[in-house]
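A.B. asks: Before anything else, here's the structure in question.
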Amino acid sequence: MFDGEFLSQRFQRIGEEHTELVRIACAMAEIDDREERLFHRLMIAEASNRIADLWQQVAAHLADGGAGANA
């Protein structure tokens, strides 16, 4: 049985992380300083990794039929 609360939390976090990623990318467009742009690229990469991790959690949850959702 799938855990709706688990999935809902993950989808909410994915949305929040995606919003943050877009915010960082938009802010980066305004930056001229090379070092600061590199820092923002790092922040984008980290946000992308967090989103990928959340999607992996969702996929694992769906693959095992919802068992071990909090593992």
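To be explicit about the labels: the chains of the structure tokens are called A, B, and onward in the order shown, and within each one the residues are counted from 1, while ligands get numbers from 1 in the order they are shown.
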Applying 12 Å and only C-alpha atoms, which residues near A:Glu46 remain after dropping the ones on its own chain fewer than 4 positions away? List them as a CSV table (one decimal) with all heavy atoms, in the first residue's frame.
C.D. replies:
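Result file around.csv:
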```
chain,number,residue,atom,x,y,z
A,17,GLU,N,12.0,22.8,-3.6
A,17,GLU,CA,13.4,22.8,-4.1
A,17,GLU,C,13.4,23.3,-5.6
A,17,GLU,O,14.3,24.1,-5.9
A,17,GLU,CB,14.0,21.4,-4.1
A,17,GLU,CG,14.2,20.8,-2.7
A,17,GLU,CD,15.4,21.5,-2.0
A,17,GLU,OE1,16.2,22.3,-2.6
A,17,GLU,OE2,15.5,21.3,-0.8
A,18,HIS,N,12.4,23.0,-6.4
A,18,HIS,CA,12.4,23.5,-7.7
A,18,HIS,C,12.2,25.0,-7.7
A,18,HIS,O,12.9,25.7,-8.5
A,18,HIS,CB,11.3,22.8,-8.5
A,18,HIS,CG,11.3,23.2,-10.0
A,18,HIS,ND1,10.5,24.2,-10.5
A,18,HIS,CD2,12.0,22.7,-11.0
A,18,HIS,CE1,10.7,24.4,-11.8
A,18,HIS,NE2,11.6,23.5,-12.1
A,20,GLU,N,13.2,27.1,-5.4
A,20,GLU,CA,14.4,27.6,-5.0
A,20,GLU,C,15.4,27.6,-6.1
A,20,GLU,O,16.2,28.6,-6.3
A,20,GLU,CB,15.0,26.9,-3.8
A,20,GLU,CG,16.3,27.4,-3.2
A,20,GLU,CD,16.2,28.8,-2.6
A,20,GLU,OE1,15.1,29.3,-2.5
A,20,GLU,OE2,17.3,29.3,-2.4
A,21,LEU,N,15.5,26.5,-6.9
A,21,LEU,CA,16.4,26.4,-8.0
A,21,LEU,C,16.1,27.5,-9.0
A,21,LEU,O,17.0,28.2,-9.5
A,21,LEU,CB,16.3,25.0,-8.6
A,21,LEU,CG,17.3,24.7,-9.7
A,21,LEU,CD1,17.5,23.2,-9.7
A,21,LEU,CD2,16.8,25.0,-11.1
A,24,ILE,N,17.3,30.9,-7.7
A,24,ILE,CA,18.7,31.1,-7.8
A,24,ILE,C,19.1,31.4,-9.2
A,24,ILE,O,20.0,32.2,-9.5
A,24,ILE,CB,19.4,29.8,-7.3
A,24,ILE,CG1,19.2,29.6,-5.8
A,24,ILE,CG2,20.9,29.9,-7.5
A,24,ILE,CD1,19.6,28.3,-5.2
A,39,PHE,N,29.5,30.6,-7.4
A,39,PHE,CA,28.8,30.2,-6.2
A,39,PHE,C,27.4,29.8,-6.5
A,39,PHE,O,26.9,28.8,-6.0
A,39,PHE,CB,29.0,31.3,-5.2
A,39,PHE,CG,28.2,31.0,-3.9
A,39,PHE,CD1,28.7,30.1,-3.0
A,39,PHE,CD2,27.0,31.7,-3.6
A,39,PHE,CE1,28.0,29.8,-1.8
A,39,PHE,CE2,26.3,31.4,-2.4
A,39,PHE,CZ,26.8,30.5,-1.6
A,40,HIS,N,26.7,30.6,-7.3
A,40,HIS,CA,25.3,30.3,-7.6
A,40,HIS,C,25.2,29.1,-8.4
A,40,HIS,O,24.2,28.3,-8.2
A,40,HIS,CB,24.7,31.5,-8.4
A,40,HIS,CG,24.2,32.6,-7.5
A,40,HIS,ND1,25.0,33.4,-6.8
A,40,HIS,CD2,22.9,32.9,-7.1
A,40,HIS,CE1,24.3,34.3,-6.0
A,40,HIS,NE2,23.0,34.0,-6.2
A,41,ARG,N,26.1,28.8,-9.3
A,41,ARG,CA,26.1,27.5,-10.0
A,41,ARG,C,26.2,26.3,-9.1
A,41,ARG,O,25.6,25.3,-9.2
A,41,ARG,CB,27.3,27.5,-11.0
A,41,ARG,CG,27.0,28.3,-12.2
A,41,ARG,CD,28.1,28.2,-13.3
A,41,ARG,NE,27.8,29.0,-14.4
A,41,ARG,CZ,28.8,29.5,-15.2
A,41,ARG,NH1,30.0,29.2,-15.0
A,41,ARG,NH2,28.4,30.3,-16.2
A,42,LEU,N,27.1,26.5,-8.0
A,42,LEU,CA,27.2,25.4,-7.0
A,42,LEU,C,25.8,25.3,-6.3
A,42,LEU,O,25.4,24.1,-6.1
A,42,LEU,CB,28.3,25.8,-6.0
A,42,LEU,CG,28.4,24.8,-4.8
A,42,LEU,CD1,28.8,23.4,-5.3
A,42,LEU,CD2,29.5,25.4,-3.9
A,50,ARG,N,19.4,17.6,-4.6
A,50,ARG,CA,18.4,17.3,-3.6
A,50,ARG,C,17.1,16.9,-4.3
A,50,ARG,O,16.4,16.0,-3.9
A,50,ARG,CB,18.1,18.6,-2.8
A,50,ARG,CG,19.3,18.9,-1.8
A,50,ARG,CD,18.9,19.9,-0.8
A,50,ARG,NE,18.6,21.2,-1.4
A,50,ARG,CZ,19.4,22.2,-1.6
A,50,ARG,NH1,20.7,22.0,-1.3
A,50,ARG,NH2,19.0,23.3,-2.2
A,51,ILE,N,16.8,17.5,-5.5
A,51,ILE,CA,15.6,17.2,-6.2
A,51,ILE,C,15.7,15.7,-6.7
A,51,ILE,O,14.8,14.9,-6.6
A,51,ILE,CB,15.3,18.1,-7.4
A,51,ILE,CG1,14.9,19.5,-6.8
A,51,ILE,CG2,14.3,17.6,-8.4
A,51,ILE,CD1,14.9,20.6,-7.9
A,52,ALA,N,16.9,15.4,-7.3
A,52,ALA,CA,17.1,14.0,-7.8
A,52,ALA,C,17.0,13.0,-6.6
A,52,ALA,O,16.4,11.9,-6.8
A,52,ALA,CB,18.5,13.9,-8.4
A,53,ASP,N,17.5,13.3,-5.4
A,53,ASP,CA,17.4,12.4,-4.3
A,53,ASP,C,15.9,12.2,-3.9
A,53,ASP,O,15.5,11.1,-3.6
A,53,ASP,CB,18.2,13.0,-3.1
A,53,ASP,CG,19.7,12.9,-3.2
A,53,ASP,OD1,20.1,12.1,-4.1
A,53,ASP,OD2,20.4,13.6,-2.5
```
A.B. asks: Can you tell me how far atom CA of A:Phe2 sits from atom CA of A:Val58, in Å to one decimal?
C.D. replies: 10.4 Å
A.B. asks: Considering only C-alpha atoms, state which residue in the set A:Leu62, A:Leu38, A:Leu54, A:Ile31 is at the smallest distance from A:Glu16.
C.D. replies: A:Leu54
A.B. asks: Would you compute the distance between atom CA of A:Asn49 and atom CA of A:Leu7? Give it in Å to one decimal.
C.D. replies: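 Computing the Euclidean distance for atom CA of A:Asn49 and atom CA of A:Leu7 yields 18.3 Å.
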A.B. asks: I'd like the neighbourhood of A:Val22 as a list in words, where a residue qualifies if any of its atoms comes within 10 Å (using only C-alpha atoms), though same-chain residues fewer than 5 positions away should be ignored.
C.D. replies: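 Result of the neighbour search: Glu17, Ala27, Met28, Ile44 and Ala47 of chain A.
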A.B. asks: Export all heavy atoms of the chosen residues as an mmCIF file, in the first residue's frame?
C.D. replies:
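Output saved as part_39.cif:
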```cif
data_model
loop_
_atom_site.group_PDB
_atom_site.id
_atom_site.type_symbol
_atom_site.label_atom_id
_atom_site.label_comp_id
_atom_site.auth_asym_id
_atom_site.auth_seq_id
_atom_site.Cartn_x
_atom_site.Cartn_y
_atom_site.Cartn_z
ATOM 1 N N GLU A 17 11.990 22.778 -3.620
ATOM 2 C CA GLU A 17 13.371 22.786 -4.132
ATOM 3 C C GLU A 17 13.422 23.348 -5.556
ATOM 4 O O GLU A 17 14.332 24.085 -5.906
ATOM 5 C CB GLU A 17 13.968 21.375 -4.097
ATOM 6 C CG GLU A 17 14.243 20.849 -2.707
ATOM 7 C CD GLU A 17 15.405 21.541 -2.004
ATOM 8 O OE1 GLU A 17 16.174 22.287 -2.634
ATOM 9 O OE2 GLU A 17 15.548 21.328 -0.787
ATOM 10 N N ALA A 27 18.251 34.914 -10.169
ATOM 11 C CA ALA A 27 19.160 35.857 -9.509
ATOM 12 C C ALA A 27 20.522 35.841 -10.184
ATOM 13 O O ALA A 27 21.173 36.884 -10.317
ATOM 14 C CB ALA A 27 19.294 35.510 -8.034
ATOM 15 N N MET A 28 20.940 34.677 -10.642
ATOM 16 C CA MET A 28 22.243 34.547 -11.279
ATOM 17 C C MET A 28 22.312 35.367 -12.569
ATOM 18 O O MET A 28 23.374 35.881 -12.932
ATOM 19 C CB MET A 28 22.532 33.076 -11.583
ATOM 20 C CG MET A 28 23.956 32.805 -11.934
ATOM 21 S SD MET A 28 24.236 31.041 -11.998
ATOM 22 C CE MET A 28 24.629 30.875 -13.722
ATOM 23 N N ILE A 44 22.900 25.860 -7.478
ATOM 24 C CA ILE A 44 21.981 25.214 -8.423
ATOM 25 C C ILE A 44 22.267 23.719 -8.480
ATOM 26 O O ILE A 44 21.339 22.893 -8.463
ATOM 27 C CB ILE A 44 22.088 25.870 -9.818
ATOM 28 C CG1 ILE A 44 21.462 27.269 -9.779
ATOM 29 C CG2 ILE A 44 21.437 25.002 -10.881
ATOM 30 C CD1 ILE A 44 21.707 28.096 -11.027
ATOM 31 N N ALA A 47 20.898 22.094 -5.322
ATOM 32 C CA ALA A 47 19.437 21.997 -5.375
ATOM 33 C C ALA A 47 19.015 20.891 -6.338
ATOM 34 O O ALA A 47 18.093 20.121 -6.044
ATOM 35 C CB ALA A 47 18.822 23.334 -5.791
#
```
A.B. asks: Between atom CA of A:Trp55 and atom CA of A:Ile14, what is the distance in Å, rounded to a tenth?
C.D. replies: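 Result for atom CA of A:Trp55 versus atom CA of A:Ile14: 7.7 Å, one decimal.
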A.B. asks: I'd like to know which of A:Asp33, A:Cys26, A:Ala45, A:Ala59 is closest to A:Arg10, using only C-alpha atoms.
C.D. replies: A:Ala59
